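Heads up, model25.txt below (compact mmCIF, C-alpha atoms and all ligand atoms):
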```
# COMPACT_ATOMS: atom_id res chain seq x y z
CA MET A 1 14.71 -12.19 -11.25
CA ARG A 2 17.87 -11.15 -9.52
CA MET A 3 18.33 -7.44 -9.36
CA PRO A 4 21.59 -5.87 -10.45
CA THR A 5 23.42 -4.74 -7.38
CA SER A 6 25.31 -1.77 -8.76
CA ASN A 7 22.59 0.72 -7.83
CA LEU A 8 21.49 -0.98 -4.71
CA VAL A 9 22.35 -1.42 -1.11
CA THR A 10 23.28 -5.10 -1.09
CA SER A 11 22.12 -5.84 2.39
CA GLU A 12 20.44 -4.11 5.26
CA GLN A 13 21.96 -0.69 5.37
CA PRO A 14 21.00 2.70 6.77
CA ILE A 15 20.47 5.55 4.36
CA PRO A 16 22.39 8.63 5.45
CA ALA A 17 20.03 10.90 7.34
CA PRO A 18 19.78 14.61 6.54
CA ALA A 19 21.93 16.79 8.77
CA ALA A 20 19.04 18.07 10.86
CA ARG A 21 15.98 16.08 11.78
CA PRO A 22 12.88 18.08 10.90
CA GLY A 23 10.78 19.24 13.79
CA ARG A 24 7.29 17.90 14.38
CA LEU A 25 4.67 19.74 12.37
CA SER A 26 1.00 19.96 13.15
CA ARG A 27 -1.49 19.04 10.45
CA ARG A 28 -2.09 22.74 9.80
CA ASP A 29 1.63 23.37 9.37
CA ARG A 30 2.36 20.45 7.06
CA PRO A 31 3.01 22.04 3.67
CA VAL A 32 1.09 21.12 0.53
CA THR A 33 3.56 19.40 -1.79
CA LEU A 34 3.58 18.92 -5.54
CA TYR A 35 2.47 15.31 -5.07
CA ASP A 36 -0.73 16.47 -3.32
CA LEU A 37 -2.11 18.23 -6.38
CA THR A 38 -4.05 17.11 -9.41
CA LEU A 39 -3.00 18.67 -12.71
CA ALA A 40 -6.01 21.01 -12.70
CA GLU A 41 -5.21 22.19 -9.17
CA LEU A 42 -1.58 22.79 -10.09
CA GLU A 43 -2.61 24.77 -13.18
CA GLU A 44 -4.87 26.95 -11.04
CA ARG A 45 -2.22 27.48 -8.43
CA LEU A 46 0.37 28.51 -10.99
CA ALA A 47 -2.09 30.71 -12.86
CA ALA A 48 -2.92 32.55 -9.63
CA ASP A 49 0.79 33.45 -9.42
CA GLY A 50 0.90 34.55 -13.06
CA VAL A 51 2.73 31.40 -14.23
CA PRO A 52 1.48 29.98 -17.58
CA ARG A 53 -0.69 26.89 -17.21
CA TYR A 54 1.49 24.81 -19.55
CA ARG A 55 4.15 24.85 -16.85
CA ALA A 56 1.93 22.50 -14.84
CA ARG A 57 2.15 19.86 -17.56
CA GLN A 58 5.92 20.30 -17.65
CA LEU A 59 6.04 19.80 -13.90
CA PHE A 60 3.92 16.65 -14.13
CA HIS A 61 6.15 15.33 -16.88
CA TRP A 62 9.33 15.87 -14.88
CA ALA A 63 7.89 14.67 -11.59
CA TYR A 64 6.02 11.58 -12.84
CA ARG A 65 7.70 10.58 -16.11
CA GLN A 66 11.29 11.65 -15.56
CA LEU A 67 10.88 10.88 -11.85
CA VAL A 68 13.29 13.60 -10.77
CA ASP A 69 13.40 14.29 -7.05
CA ASP A 70 14.60 17.88 -7.16
CA TYR A 71 13.21 20.96 -8.91
CA GLU A 72 16.77 21.88 -9.87
CA ALA A 73 16.79 18.91 -12.25
CA MET A 74 13.77 20.34 -14.13
CA THR A 75 15.97 22.40 -16.38
CA VAL A 76 13.13 23.19 -18.76
CA LEU A 77 11.74 25.54 -16.09
CA PRO A 78 13.15 29.05 -15.52
CA LYS A 79 15.64 29.11 -12.67
CA ALA A 80 13.58 31.65 -10.69
CA LEU A 81 10.47 29.44 -10.92
CA ARG A 82 12.42 26.40 -9.73
CA ALA A 83 13.70 28.33 -6.72
CA ASP A 84 10.21 29.67 -5.95
CA LEU A 85 8.59 26.23 -6.19
CA ALA A 86 11.20 24.69 -3.92
CA VAL A 87 10.11 27.10 -1.18
CA ARG A 88 6.37 27.32 -1.80
CA LEU A 89 5.52 23.86 -3.09
CA PRO A 90 8.02 21.29 -1.78
CA LEU A 91 8.51 18.24 -3.96
CA ALA A 92 9.41 15.59 -1.42
CA PRO A 93 7.27 14.98 1.70
CA LEU A 94 9.23 11.83 2.62
CA THR A 95 12.83 11.00 3.46
CA ALA A 96 14.13 7.43 3.19
CA VAL A 97 15.84 6.50 6.46
CA ARG A 98 16.37 2.76 6.10
CA GLU A 99 16.27 0.26 3.28
CA VAL A 100 16.45 -3.51 3.54
CA HIS A 101 16.66 -6.09 0.76
CA THR A 102 15.80 -9.74 0.66
CA ASP A 103 14.65 -12.51 -1.68
CA ASP A 104 17.90 -12.09 -3.64
CA GLY A 105 17.15 -8.41 -4.11
CA GLU A 106 13.63 -9.02 -5.39
CA THR A 107 12.05 -7.35 -2.37
CA ILE A 108 13.05 -3.90 -1.16
CA LYS A 109 11.49 -2.49 1.94
CA THR A 110 11.95 1.20 2.72
CA LEU A 111 11.27 2.99 5.97
CA PHE A 112 10.39 6.63 5.29
CA ARG A 113 10.22 9.58 7.66
CA THR A 114 7.49 12.15 7.07
CA LEU A 115 7.96 15.89 7.51
CA ASP A 116 6.44 15.65 11.00
CA GLY A 117 8.80 12.86 12.06
CA GLN A 118 6.48 9.85 11.65
CA HIS A 119 7.69 6.56 10.15
CA ILE A 120 5.97 4.54 7.44
CA GLU A 121 6.89 1.54 5.32
CA THR A 122 6.76 0.84 1.59
CA VAL A 123 7.59 -2.50 -0.04
CA LEU A 124 8.70 -2.88 -3.66
CA MET A 125 8.46 -6.40 -5.09
CA PHE A 126 9.94 -7.67 -8.35
CA TYR A 127 8.17 -10.65 -9.91
CA PRO A 128 8.99 -12.22 -13.27
CA ASP A 129 5.91 -10.68 -14.89
CA ARG A 130 5.24 -7.54 -12.85
CA THR A 131 6.66 -5.01 -10.42
CA THR A 132 4.42 -4.12 -7.49
CA VAL A 133 4.62 -1.52 -4.77
CA CYS A 134 2.75 -1.97 -1.51
CA VAL A 135 1.84 1.49 -0.22
CA SER A 136 0.98 2.61 3.32
CA CYS A 137 -2.01 4.91 3.75
CA GLN A 138 -1.83 5.68 7.49
CA VAL A 139 0.74 6.03 10.24
CA GLY A 140 -0.31 2.97 12.21
CA CYS A 141 -3.85 1.62 12.01
CA ALA A 142 -6.97 1.70 14.17
CA VAL A 143 -8.40 -1.64 13.01
CA GLY A 144 -6.22 -3.70 15.34
CA CYS A 145 -6.03 -7.07 13.56
CA ARG A 146 -4.62 -9.50 16.11
CA PHE A 147 -1.78 -10.81 13.94
CA CYS A 148 -0.55 -7.45 12.64
CA ALA A 149 2.36 -5.38 13.99
CA THR A 150 0.82 -2.16 12.67
CA GLY A 151 -2.49 -2.86 14.37
CA MET A 152 -0.70 -3.27 17.68
CA LEU A 153 0.73 0.25 17.49
CA GLY A 154 -2.65 1.94 16.97
CA LEU A 155 -3.38 4.87 14.69
CA THR A 156 -1.32 8.06 14.76
CA ARG A 157 -2.74 9.83 11.71
CA ASN A 158 -3.84 9.50 8.12
CA LEU A 159 -1.25 10.05 5.44
CA THR A 160 -1.87 12.80 2.92
CA ALA A 161 -2.36 11.93 -0.72
CA GLY A 162 1.05 13.49 -1.36
CA GLU A 163 2.71 11.16 1.13
CA MET A 164 1.08 8.18 -0.57
CA VAL A 165 1.95 9.38 -4.07
CA ALA A 166 5.53 9.99 -2.93
CA GLN A 167 5.84 6.31 -1.97
CA VAL A 168 4.75 5.32 -5.48
CA VAL A 169 7.14 7.76 -7.16
CA ALA A 170 10.05 6.56 -5.01
CA ALA A 171 9.21 2.96 -5.92
CA ALA A 172 8.96 3.80 -9.62
CA ARG A 173 12.35 5.50 -9.42
CA ARG A 174 13.87 2.53 -7.61
CA ALA A 175 12.33 0.11 -10.14
CA ARG A 176 13.72 2.13 -13.02
CA ALA A 177 17.19 2.02 -11.46
CA ALA A 178 16.86 -1.77 -11.54
CA GLY A 179 15.83 -1.78 -15.21
CA ARG A 180 12.18 -2.43 -14.40
CA THR A 181 8.89 -0.55 -14.75
CA LEU A 182 6.39 -0.25 -11.95
CA THR A 183 3.24 -2.08 -13.08
CA ASN A 184 1.01 -2.48 -10.02
CA ILE A 185 0.09 -0.57 -6.89
CA VAL A 186 -1.54 -2.22 -3.89
CA LEU A 187 -2.81 -0.23 -0.93
CA MET A 188 -2.02 -3.02 1.45
CA GLY A 189 0.72 -1.53 3.59
CA MET A 190 0.21 0.13 6.95
CA GLY A 191 -3.33 1.33 7.52
CA GLU A 192 -6.90 0.88 6.30
CA PRO A 193 -7.39 2.77 3.00
CA PHE A 194 -11.12 3.18 3.53
CA GLN A 195 -10.45 5.08 6.74
CA ASN A 196 -8.49 7.48 4.54
CA TYR A 197 -10.84 7.28 1.59
CA ASP A 198 -10.56 10.78 0.12
CA ALA A 199 -6.76 10.73 0.06
CA THR A 200 -6.85 7.25 -1.45
CA MET A 201 -9.09 8.34 -4.32
CA ARG A 202 -7.01 11.48 -4.77
CA LEU A 203 -3.95 9.25 -5.21
CA VAL A 204 -5.81 7.37 -7.95
CA ARG A 205 -6.72 10.64 -9.72
CA ILE A 206 -3.18 12.06 -9.51
CA LEU A 207 -1.49 8.88 -10.75
CA HIS A 208 -4.09 8.39 -13.48
CA GLU A 209 -3.29 11.79 -15.05
CA PRO A 210 -2.12 11.21 -18.67
CA ALA A 211 0.34 14.12 -18.49
CA GLY A 212 1.97 12.43 -15.50
CA MET A 213 2.33 8.80 -14.57
CA ASN A 214 -0.75 7.73 -16.57
CA PHE A 215 -1.21 4.78 -14.24
CA GLY A 216 -4.31 2.74 -15.11
CA ALA A 217 -6.82 2.44 -12.26
CA ARG A 218 -7.19 -1.28 -13.04
CA ARG A 219 -3.60 -1.73 -11.91
CA ILE A 220 -4.37 -0.22 -8.53
CA THR A 221 -5.81 -2.47 -5.80
CA VAL A 222 -7.40 -1.11 -2.65
CA SER A 223 -7.42 -3.59 0.22
CA THR A 224 -9.94 -3.22 3.04
CA SER A 225 -10.48 -5.07 6.28
CA GLY A 226 -14.22 -4.81 5.64
CA LEU A 227 -15.64 -1.29 5.93
CA VAL A 228 -18.91 -2.11 4.19
CA PRO A 229 -20.18 1.41 3.33
CA PHE A 230 -16.98 2.19 1.47
CA ILE A 231 -17.21 -0.97 -0.62
CA ASP A 232 -20.47 0.42 -1.99
CA ARG A 233 -18.88 3.82 -2.43
CA LEU A 234 -15.93 2.37 -4.34
CA ALA A 235 -18.35 0.52 -6.62
CA SER A 236 -19.85 3.86 -7.66
CA GLU A 237 -16.52 5.54 -8.48
CA PRO A 238 -15.67 6.27 -12.13
CA PHE A 239 -12.22 4.72 -11.69
CA GLN A 240 -11.99 0.94 -12.15
CA VAL A 241 -9.90 0.34 -9.08
CA LYS A 242 -9.67 -3.29 -7.95
CA LEU A 243 -11.04 -4.38 -4.59
CA ALA A 244 -9.36 -6.76 -2.17
CA VAL A 245 -11.00 -7.76 1.11
CA SER A 246 -9.04 -9.12 4.05
CA LEU A 247 -11.37 -11.93 5.08
CA HIS A 248 -9.21 -14.33 7.15
CA ALA A 249 -12.18 -16.37 8.42
CA PRO A 250 -15.53 -17.66 7.10
CA ASN A 251 -17.66 -17.07 10.21
CA ASP A 252 -18.27 -14.30 12.72
CA GLU A 253 -16.89 -15.99 15.79
CA LEU A 254 -13.52 -16.69 14.24
CA ARG A 255 -13.32 -13.48 12.22
CA SER A 256 -14.21 -11.26 15.18
CA SER A 257 -11.37 -12.86 17.13
CA LEU A 258 -8.90 -11.89 14.38
CA VAL A 259 -10.38 -8.68 12.92
CA PRO A 260 -12.25 -6.70 15.59
CA LEU A 261 -13.98 -4.64 12.88
CA ASN A 262 -16.05 -7.74 12.15
CA ARG A 263 -18.23 -6.97 15.17
CA ARG A 264 -19.40 -3.85 13.37
CA TYR A 265 -19.60 -5.32 9.87
CA PRO A 266 -20.16 -9.08 10.23
CA VAL A 267 -19.36 -11.63 7.57
CA GLY A 268 -22.90 -11.72 6.16
CA GLU A 269 -23.00 -7.95 5.59
CA LEU A 270 -19.49 -7.97 4.20
CA LEU A 271 -20.22 -10.69 1.67
CA ALA A 272 -23.48 -8.97 0.67
CA ALA A 273 -21.51 -5.79 -0.06
CA CYS A 274 -19.02 -7.80 -2.12
CA ARG A 275 -21.87 -9.30 -4.15
CA ARG A 276 -23.27 -5.81 -4.79
CA TYR A 277 -19.79 -4.66 -5.85
CA VAL A 278 -19.48 -7.50 -8.36
CA GLU A 279 -23.00 -6.93 -9.72
CA ARG A 280 -22.41 -3.23 -10.14
CA THR A 281 -18.88 -3.28 -11.56
CA GLY A 282 -18.53 -6.70 -13.19
CA ARG A 283 -15.13 -6.92 -11.51
CA ARG A 284 -14.11 -9.81 -9.31
CA VAL A 285 -13.20 -9.42 -5.65
CA THR A 286 -9.94 -10.72 -4.27
CA PHE A 287 -10.15 -12.17 -0.77
CA GLU A 288 -6.97 -12.08 1.26
CA TYR A 289 -6.80 -14.93 3.76
CA VAL A 290 -3.86 -15.06 6.14
CA LEU A 291 -3.36 -18.70 7.12
CA ILE A 292 -2.57 -19.07 10.82
CA ALA A 293 -1.52 -22.42 12.24
CA GLY A 294 -4.24 -24.07 14.29
CA VAL A 295 -6.52 -21.03 14.06
CA ASN A 296 -8.12 -20.77 10.60
CA ASP A 297 -6.36 -23.47 8.56
CA SER A 298 -8.41 -26.64 9.17
CA ASP A 299 -10.18 -28.73 6.54
CA ALA A 300 -13.54 -27.80 8.07
CA THR A 301 -12.70 -24.08 7.84
CA ALA A 302 -11.71 -24.48 4.20
CA GLU A 303 -15.03 -26.24 3.50
CA GLU A 304 -16.92 -23.45 5.24
CA LEU A 305 -15.03 -20.81 3.29
CA ALA A 306 -15.79 -22.57 0.00
CA ARG A 307 -19.50 -22.63 0.87
CA LEU A 308 -19.43 -18.93 1.80
CA LEU A 309 -17.87 -17.87 -1.50
CA GLN A 310 -19.88 -20.20 -3.72
CA GLY A 311 -21.22 -18.42 -6.82
CA LEU A 312 -19.30 -15.18 -6.20
CA LEU A 313 -16.90 -13.86 -8.84
CA CYS A 314 -13.79 -13.94 -6.71
CA HIS A 315 -10.28 -15.15 -6.13
CA VAL A 316 -8.72 -16.17 -2.84
CA ASN A 317 -5.15 -15.29 -1.99
CA LEU A 318 -3.94 -17.58 0.75
CA ILE A 319 -1.09 -15.89 2.60
CA PRO A 320 0.81 -18.03 5.12
CA LEU A 321 1.35 -15.81 8.15
CA ASN A 322 4.51 -13.82 8.56
CA PRO A 323 4.93 -14.32 12.32
CA THR A 324 5.45 -11.17 14.37
CA PRO A 325 7.18 -11.38 17.76
CA ALA A 326 4.34 -9.51 19.44
CA ALA A 327 1.58 -11.99 18.52
CA PRO A 328 1.23 -15.63 19.59
CA PHE A 329 0.52 -16.97 16.09
CA GLY A 330 2.48 -19.28 13.83
CA ARG A 331 2.67 -20.21 10.18
CA PRO A 332 1.05 -23.50 9.10
CA ARG A 333 3.17 -26.31 7.69
CA VAL A 334 3.40 -26.51 3.91
CA GLU A 335 1.23 -29.65 3.72
CA ARG A 336 -1.55 -27.88 5.63
CA ILE A 337 -1.34 -24.84 3.35
CA ASP A 338 -1.51 -27.03 0.25
CA ARG A 339 -4.42 -29.03 1.64
CA PHE A 340 -6.40 -25.84 2.43
CA ALA A 341 -5.85 -24.55 -1.10
CA ALA A 342 -6.77 -27.89 -2.62
CA ILE A 343 -10.12 -28.00 -0.80
CA LEU A 344 -11.04 -24.57 -2.14
CA ARG A 345 -10.07 -25.49 -5.69
CA GLU A 346 -11.93 -28.82 -5.54
CA ARG A 347 -15.05 -26.82 -4.72
CA GLY A 348 -14.58 -24.44 -7.63
CA ILE A 349 -13.03 -21.50 -5.76
CA ALA A 350 -10.00 -20.00 -7.49
CA ALA A 351 -7.18 -19.91 -4.94
CA THR A 352 -3.50 -18.99 -5.00
CA VAL A 353 -0.94 -19.39 -2.27
CA ARG A 354 1.13 -16.24 -1.95
CA TYR A 355 4.09 -16.40 0.33
CA SER A 356 4.53 -12.85 1.54
CA ARG A 357 7.85 -11.42 0.59
CA GLY A 358 10.72 -10.70 2.88
CA VAL A 359 10.13 -12.89 5.90
CA ASP A 360 13.70 -12.28 6.99
CA ILE A 361 13.43 -8.49 6.85
CA ALA A 362 10.44 -8.01 9.08
CA ALA A 363 8.22 -7.61 6.04
CA ALA A 364 5.07 -8.38 7.95
CA CYS A 365 2.97 -5.26 7.99
CA GLY A 366 4.47 -2.65 10.32
CA GLN A 367 7.32 -4.70 11.74
CA LEU A 368 10.12 -2.55 10.38
CA ARG A 369 8.50 0.56 11.82
CA ALA A 370 7.86 -1.21 15.12
CA GLU A 371 11.53 -2.15 15.34
CA HIS A 372 12.61 1.37 14.49
CA GLU A 373 10.30 2.97 17.07
CA ALA A 374 11.59 0.50 19.66
CA GLY A 375 15.07 1.83 19.04
CA MET A 376 16.52 -1.22 17.35
CA PRO A 377 19.51 -0.45 15.15
CA ALA A 378 18.65 1.21 11.86
S1 LIG B 1 -3.83 -5.96 8.82
FE1 LIG B 1 -4.24 -3.98 7.81
S2 LIG B 1 -6.25 -3.36 8.63
FE2 LIG B 1 -5.49 -4.96 10.02
S3 LIG B 1 -4.42 -3.82 11.66
FE3 LIG B 1 -2.88 -4.35 10.08
S4 LIG B 1 -2.79 -2.55 8.79
FE4 LIG B 1 -4.70 -2.39 9.93
```
What would the structure in this file look like if it were written as structure tokens?
Ligand code: SF4
Amino acid sequence: MRMPTSNLVTSEQPIPAPAARPGRLSRRDRPVTLYDLTLAELEERLAADGVPRYRARQLFHWAYRQLVDDYEAMTVLPKALRADLAVRLPLAPLTAVREVHTDDGETIKTLFRTLDGQHIETVLMFYPDRTTVCVSCQVGCAVGCRFCATGMLGLTRNLTAGEMVAQVVAAARRARAAGRTLTNIVLMGMGEPFQNYDATMRLVRILHEPAGMNFGARRITVSTSGLVPFIDRLASEPFQVKLAVSLHAPNDELRSSLVPLNRRYPVGELLAACRRYVERTGRRVTFEYVLIAGVNDSDATAEELARLLQGLLCHVNLIPLNPTPAAPFGRPRVERIDRFAAILRERGIAATVRYSRGVDIAAACGQLRAEHEAGMPA
């Protein structure tokens, strides 16, 4: 689908910055925003100030259905309440500072600045049958995958639930401007969601609220690099969130060289946790497998992967690498990618090749932020 261009920046273009750059705020000083609160918490907060509880539902409606980005637009609320909320419960914890488009406008990547001056990325992708936002959950990442720009920058801090929800709301607003509806959320941007587990589950609760976005948990995918204890924890949650595991290799030697976390949770333990997850939930696991030329893309590796996943309710997403300048890895040739996928399918493993969106706009995880922090033109 080609997006209409009337509402959009048609090429890479900076978004005008606010007049004054906000100062750095410590965690203690970062304000709670509307997007941080569940409906029940908002009702309690308003009630404590003598505001009727039904106002909370109105706020959820205007924030998550009407998608307004300013209390002033919530004209159903008394003017004094709007002014009070703007001071005591800010609506927007993020400011868009740069937006780039590619794939004929079907991919929009936004660089946001947080209230404490950090930068994070969100990617909105339009497909013929769905509209997906890829949300960041941390500023940077501590996992340090060898092929990932975010991993190379290390972890600065976890994002709050409000900062994650704000990415979703901004994407829903952007999708609506393009005549589309946001249908899927993947926590696959910067960061490891299971290292920010509570905020991740809070995001699910807030977006699931029927008075607000009413976003089904089954349309939310949490992607982990393999934190085994949290796979078990997710399996016991009441929400039917989908699980994706970044596998990238079928054995410990290779996987540890790509995903250092594998030394702590080796492939055997990881796969055992995935089997427990499937048994407990009845839901399949998606395995993400970044194909890297000459590293993990051989016929023998495909055979080994097929043996590893035999009998498990799963799907493999093969993602040809988006090369990043900082890592010495390349993307396999198309014939190699097709051959790898064919071997999996011949052995009964469901596999899809997914070319990651936006190769020409630094869409590989964390690249846009890395460029920005390095002072490249925004
Ligand atoms: S691929 Fe994901 S888990 Fe690995 S370093 Fe990058 S952001 Fe972290």
Chain A near ligand LIG 1 (chain B) within 8 Å: what's each residue's closest atom pair and its distance in Å to one decimal, counting all atoms listed in the file, ordered by chain then ascending residue number, as JSON lines?
```
{"residue": "A:Gly140", "atom": "CA", "partner": "B:LIG1", "partner_atom": "S4", "distance": 7.0}
{"residue": "A:Cys141", "atom": "CA", "partner": "B:LIG1", "partner_atom": "FE4", "distance": 4.6}
{"residue": "A:Ala142", "atom": "CA", "partner": "B:LIG1", "partner_atom": "FE4", "distance": 6.3}
{"residue": "A:Val143", "atom": "CA", "partner": "B:LIG1", "partner_atom": "S3", "distance": 4.7}
{"residue": "A:Gly144", "atom": "CA", "partner": "B:LIG1", "partner_atom": "S3", "distance": 4.1}
{"residue": "A:Cys145", "atom": "CA", "partner": "B:LIG1", "partner_atom": "S3", "distance": 4.1}
{"residue": "A:Arg146", "atom": "CA", "partner": "B:LIG1", "partner_atom": "S3", "distance": 7.2}
{"residue": "A:Phe147", "atom": "CA", "partner": "B:LIG1", "partner_atom": "S1", "distance": 7.3}
{"residue": "A:Cys148", "atom": "CA", "partner": "B:LIG1", "partner_atom": "FE3", "distance": 4.6}
{"residue": "A:Ala149", "atom": "CA", "partner": "B:LIG1", "partner_atom": "FE3", "distance": 6.6}
{"residue": "A:Thr150", "atom": "CA", "partner": "B:LIG1", "partner_atom": "FE3", "distance": 5.0}
{"residue": "A:Gly151", "atom": "CA", "partner": "B:LIG1", "partner_atom": "S3", "distance": 3.5}
{"residue": "A:Met152", "atom": "CA", "partner": "B:LIG1", "partner_atom": "S3", "distance": 7.1}
{"residue": "A:Met188", "atom": "CA", "partner": "B:LIG1", "partner_atom": "FE1", "distance": 6.8}
{"residue": "A:Gly189", "atom": "CA", "partner": "B:LIG1", "partner_atom": "S4", "distance": 6.4}
{"residue": "A:Met190", "atom": "CA", "partner": "B:LIG1", "partner_atom": "S4", "distance": 4.4}
{"residue": "A:Gly191", "atom": "CA", "partner": "B:LIG1", "partner_atom": "S4", "distance": 4.1}
{"residue": "A:Glu192", "atom": "CA", "partner": "B:LIG1", "partner_atom": "S2", "distance": 4.9}
{"residue": "A:Thr224", "atom": "CA", "partner": "B:LIG1", "partner_atom": "S2", "distance": 6.7}
{"residue": "A:Ser225", "atom": "CA", "partner": "B:LIG1", "partner_atom": "S2", "distance": 5.1}
{"residue": "A:Ser246", "atom": "CA", "partner": "B:LIG1", "partner_atom": "S1", "distance": 7.7}
{"residue": "A:Val259", "atom": "CA", "partner": "B:LIG1", "partner_atom": "FE2", "distance": 6.8}
{"residue": "A:Cys365", "atom": "CA", "partner": "B:LIG1", "partner_atom": "FE3", "distance": 6.3}
{"residue": "A:Gly366", "atom": "CA", "partner": "B:LIG1", "partner_atom": "S4", "distance": 7.4}
```
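The gap separating CA of Leu234 in chain A from CA of Arg275 in chain A is 13.1 Å, in Å to one decimal.
Between CA of Arg354 in chain A and CA of Leu318 in chain A the separation is 5.9 Å.
Of the listed residues (A:Thr75, A:Thr122, A:Asn214, A:Thr221), A:Thr221 comes nearest to Leu187 in chain A; the distances count all atoms listed in the file.
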For Asp297 in chain A: contacts at 8 Å, all atoms listed in the file, fewer than 2 positions along chain excluded, given as a PyMOL selection string:
chain A and resi 291-295+299+301-302+332+336-337+340
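One finds CA of Thr110 in chain A at 7.6 Å from CA of Val97 in chain A.
The list of residues with at least one atom within 12 Å of range 48-53 of chain A, based on all atoms listed in the file and without residues fewer than 6 positions apart in the same chain, reads Leu39, Ala40, Glu41, Leu42, Leu59, Phe60, Leu77, Pro78, Ala80, Leu81, Arg82, Asp84, Leu85 and Arg88 of chain A.
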For Arg276 in chain A, which residue out of A:Val334, A:Ile231, A:Leu305, A:Ile319 is the nearest one, using all atoms listed in the file?
A:Ile231
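Residue nearest Pro266 in chain A within the list A:Ala199, A:Val204, A:Leu254, A:Leu89: A:Leu254 [criterion: smallest interatomic distance, all atoms listed in the file].
Counting all atoms listed in the file, the residue from A:Leu46, A:Val222, A:Ala217, A:Ala86 that sits nearest to Cys134 in chain A is A:Val222.
Nearest to Leu261 in chain A of all the residues A:Arg176, A:Ala235, A:Val228, A:Glu288 is A:Val228, based on all atoms listed in the file.
Comparing the minimum interatomic distances between Thr281 in chain A and each of A:Ile120, A:Leu67, A:Leu243, A:Leu34, counting only C-alpha atoms, we find that A:Leu243 sits nearest.
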Selection near Leu124 in chain A, 6 Å with only C-alpha atoms, sequence-local residues under 4 positions removed, as a PyMOL selection string:
chain A and resi 107-108+132-133
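Within 10 Å of Thr156 in chain A, once all atoms listed in the file are used and residues closer than 2 positions along the same chain are dropped, the contacting residues are Gln118, Gln138, Val139, Gly140, Cys141, Ala142, Leu153, Gly154, Asn158 and Leu159 of chain A.
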